[in-house]
Amino acid sequence: MDNKLLSSMGRMELAQSYFPNILPRSAWQKFKSLLLDYPDLEGFATQRRRTFLPSEVNIIYRYLGQP
């Protein structure tokens, strides 16, 4: 991963960066399923906030790689 400063990302925005060729809602559902496959990422799939903090984006990138 490069050393650029990460910013907050909306959950649909992040999902679409991993699944760019499908509709935003479908991308979120697919991304959510992907998060649920990793015990350390499960909490991100069920949080009520619609935005991931920079530290959370960094954790997701560490597990899934950058899109």
# chains A, B, ... in the order shown; residues from 1 in each chain; ligands from 1

call {"tool": "residues_around", "arguments": {"residues": "A:Leu41", "least_positions_apart": "5", "cutoff": "12 Å", "atoms": "only C-alpha atoms", "output": "ChimeraX atom specification"}}
result
/A:31-36,46-47,52,56-64

call {"tool": "residues_around", "arguments": {"residues": "A:Pro24", "least_positions_apart": "3", "cutoff": "10 Å", "atoms": "only C-alpha atoms", "output": "short mmCIF file (atom, residue, chain, number, x, y, z; two decimals) with all heavy atoms, in the first residue's frame"}}
result
data_model
loop_
_atom_site.label_atom_id
_atom_site.label_comp_id
_atom_site.auth_asym_id
_atom_site.auth_seq_id
_atom_site.Cartn_x
_atom_site.Cartn_y
_atom_site.Cartn_z
N ARG A 11 -19.67 4.06 2.66
CA ARG A 11 -19.64 2.60 2.48
C ARG A 11 -19.95 2.21 1.04
O ARG A 11 -19.35 1.28 0.52
CB ARG A 11 -20.58 1.92 3.46
CG ARG A 11 -22.03 2.23 3.30
CD ARG A 11 -22.85 1.58 4.38
NE ARG A 11 -24.27 1.81 4.14
CZ ARG A 11 -25.21 1.45 4.97
NH1 ARG A 11 -24.91 0.84 6.08
NH2 ARG A 11 -26.47 1.69 4.69
N MET A 12 -20.85 2.91 0.38
CA MET A 12 -21.16 2.59 -1.03
C MET A 12 -19.98 2.96 -1.92
O MET A 12 -19.66 2.24 -2.88
CB MET A 12 -22.42 3.31 -1.48
CG MET A 12 -23.63 2.90 -0.71
SD MET A 12 -24.75 1.98 -1.73
CE MET A 12 -26.23 2.06 -0.74
N GLU A 13 -19.33 4.07 -1.61
CA GLU A 13 -18.16 4.50 -2.38
C GLU A 13 -17.05 3.45 -2.28
O GLU A 13 -16.45 3.07 -3.30
CB GLU A 13 -17.66 5.84 -1.83
CG GLU A 13 -16.40 6.36 -2.46
CD GLU A 13 -15.86 7.59 -1.76
OE1 GLU A 13 -16.36 7.98 -0.69
OE2 GLU A 13 -14.89 8.16 -2.31
N LEU A 14 -16.80 2.97 -1.07
CA LEU A 14 -15.77 1.95 -0.89
C LEU A 14 -16.18 0.65 -1.57
O LEU A 14 -15.37 0.02 -2.26
CB LEU A 14 -15.51 1.73 0.61
CG LEU A 14 -14.37 0.78 0.96
CD1 LEU A 14 -13.05 1.22 0.32
CD2 LEU A 14 -14.21 0.67 2.46
N ALA A 15 -17.42 0.27 -1.42
CA ALA A 15 -17.92 -0.96 -2.06
C ALA A 15 -17.76 -0.87 -3.57
O ALA A 15 -17.34 -1.83 -4.22
CB ALA A 15 -19.37 -1.21 -1.68
N GLN A 16 -18.10 0.27 -4.14
CA GLN A 16 -18.00 0.42 -5.59
C GLN A 16 -16.56 0.44 -6.08
O GLN A 16 -16.29 0.10 -7.23
CB GLN A 16 -18.73 1.67 -6.06
CG GLN A 16 -20.21 1.42 -6.15
CD GLN A 16 -20.88 2.35 -7.12
OE1 GLN A 16 -21.09 3.51 -6.80
NE2 GLN A 16 -21.19 1.85 -8.29
N SER A 17 -15.63 0.81 -5.21
CA SER A 17 -14.23 0.76 -5.63
C SER A 17 -13.78 -0.70 -5.79
O SER A 17 -12.91 -0.99 -6.60
CB SER A 17 -13.34 1.52 -4.65
OG SER A 17 -13.26 0.87 -3.41
N PHE A 19 -16.14 -3.22 -6.47
CA PHE A 19 -17.05 -3.80 -7.47
C PHE A 19 -17.59 -2.69 -8.36
O PHE A 19 -18.76 -2.30 -8.25
CB PHE A 19 -18.20 -4.54 -6.77
CG PHE A 19 -17.73 -5.62 -5.83
CD1 PHE A 19 -17.72 -5.42 -4.46
CD2 PHE A 19 -17.28 -6.83 -6.31
CE1 PHE A 19 -17.28 -6.41 -3.59
CE2 PHE A 19 -16.83 -7.83 -5.46
CZ PHE A 19 -16.83 -7.62 -4.09
N PRO A 20 -16.75 -2.15 -9.25
CA PRO A 20 -17.13 -0.95 -10.02
C PRO A 20 -18.17 -1.17 -11.11
O PRO A 20 -18.79 -0.21 -11.56
CB PRO A 20 -15.80 -0.50 -10.63
CG PRO A 20 -14.98 -1.75 -10.72
CD PRO A 20 -15.39 -2.58 -9.53
N ASN A 21 -18.39 -2.40 -11.51
CA ASN A 21 -19.27 -2.64 -12.65
C ASN A 21 -20.69 -3.05 -12.28
O ASN A 21 -21.42 -3.53 -13.13
CB ASN A 21 -18.64 -3.69 -13.58
CG ASN A 21 -17.32 -3.21 -14.14
OD1 ASN A 21 -17.18 -2.06 -14.51
ND2 ASN A 21 -16.35 -4.10 -14.18
N ALA A 27 -23.30 -3.46 -5.07
CA ALA A 27 -21.89 -3.45 -4.68
C ALA A 27 -21.77 -3.49 -3.16
O ALA A 27 -20.94 -4.24 -2.62
CB ALA A 27 -21.19 -2.21 -5.24
N TRP A 28 -22.62 -2.73 -2.46
CA TRP A 28 -22.58 -2.75 -1.00
C TRP A 28 -22.94 -4.13 -0.47
O TRP A 28 -22.28 -4.64 0.43
CB TRP A 28 -23.47 -1.67 -0.40
CG TRP A 28 -23.67 -1.86 1.07
CD1 TRP A 28 -24.84 -2.13 1.71
CD2 TRP A 28 -22.67 -1.86 2.10
NE1 TRP A 28 -24.63 -2.28 3.05
CE2 TRP A 28 -23.29 -2.13 3.32
CE3 TRP A 28 -21.29 -1.67 2.09
CZ2 TRP A 28 -22.60 -2.19 4.53
CZ3 TRP A 28 -20.59 -1.73 3.30
CH2 TRP A 28 -21.25 -1.99 4.49
N GLN A 29 -23.96 -4.77 -1.01
CA GLN A 29 -24.37 -6.09 -0.53
C GLN A 29 -23.25 -7.11 -0.74
O GLN A 29 -22.96 -7.93 0.13
CB GLN A 29 -25.65 -6.55 -1.24
CG GLN A 29 -26.88 -5.76 -0.84
CD GLN A 29 -27.17 -5.81 0.64
OE1 GLN A 29 -27.05 -6.86 1.27
NE2 GLN A 29 -27.54 -4.69 1.22
N LYS A 30 -22.61 -7.04 -1.89
CA LYS A 30 -21.51 -7.97 -2.19
C LYS A 30 -20.30 -7.68 -1.29
O LYS A 30 -19.67 -8.61 -0.77
CB LYS A 30 -21.14 -7.83 -3.67
CG LYS A 30 -20.30 -8.93 -4.19
CD LYS A 30 -20.26 -8.88 -5.70
CE LYS A 30 -19.49 -10.06 -6.20
NZ LYS A 30 -19.79 -10.43 -7.54
#

call {"tool": "closest_residue", "arguments": {"among": "A:Arg25, A:Tyr18, A:Phe44, A:Pro39", "to": "A:Gln66", "atoms": "only C-alpha atoms"}}
result
A:Tyr18

call {"tool": "atom_distance", "arguments": {"atom1": "atom CA of A:Asp37", "atom2": "atom CA of A:Ser8"}}
result
22.7 Å

call {"tool": "select_by_dssp", "arguments": {"residues": "chain A", "states": "strand (DSSP E or B)", "output": "list in words"}}
result
Met9, Gly10, Thr51 and Phe52 of chain A

call {"tool": "closest_residue", "arguments": {"among": "A:Asp40, A:Thr51, A:Gly65, A:Ile22", "to": "A:Met9", "atoms": "only C-alpha atoms"}}
result
A:Thr51
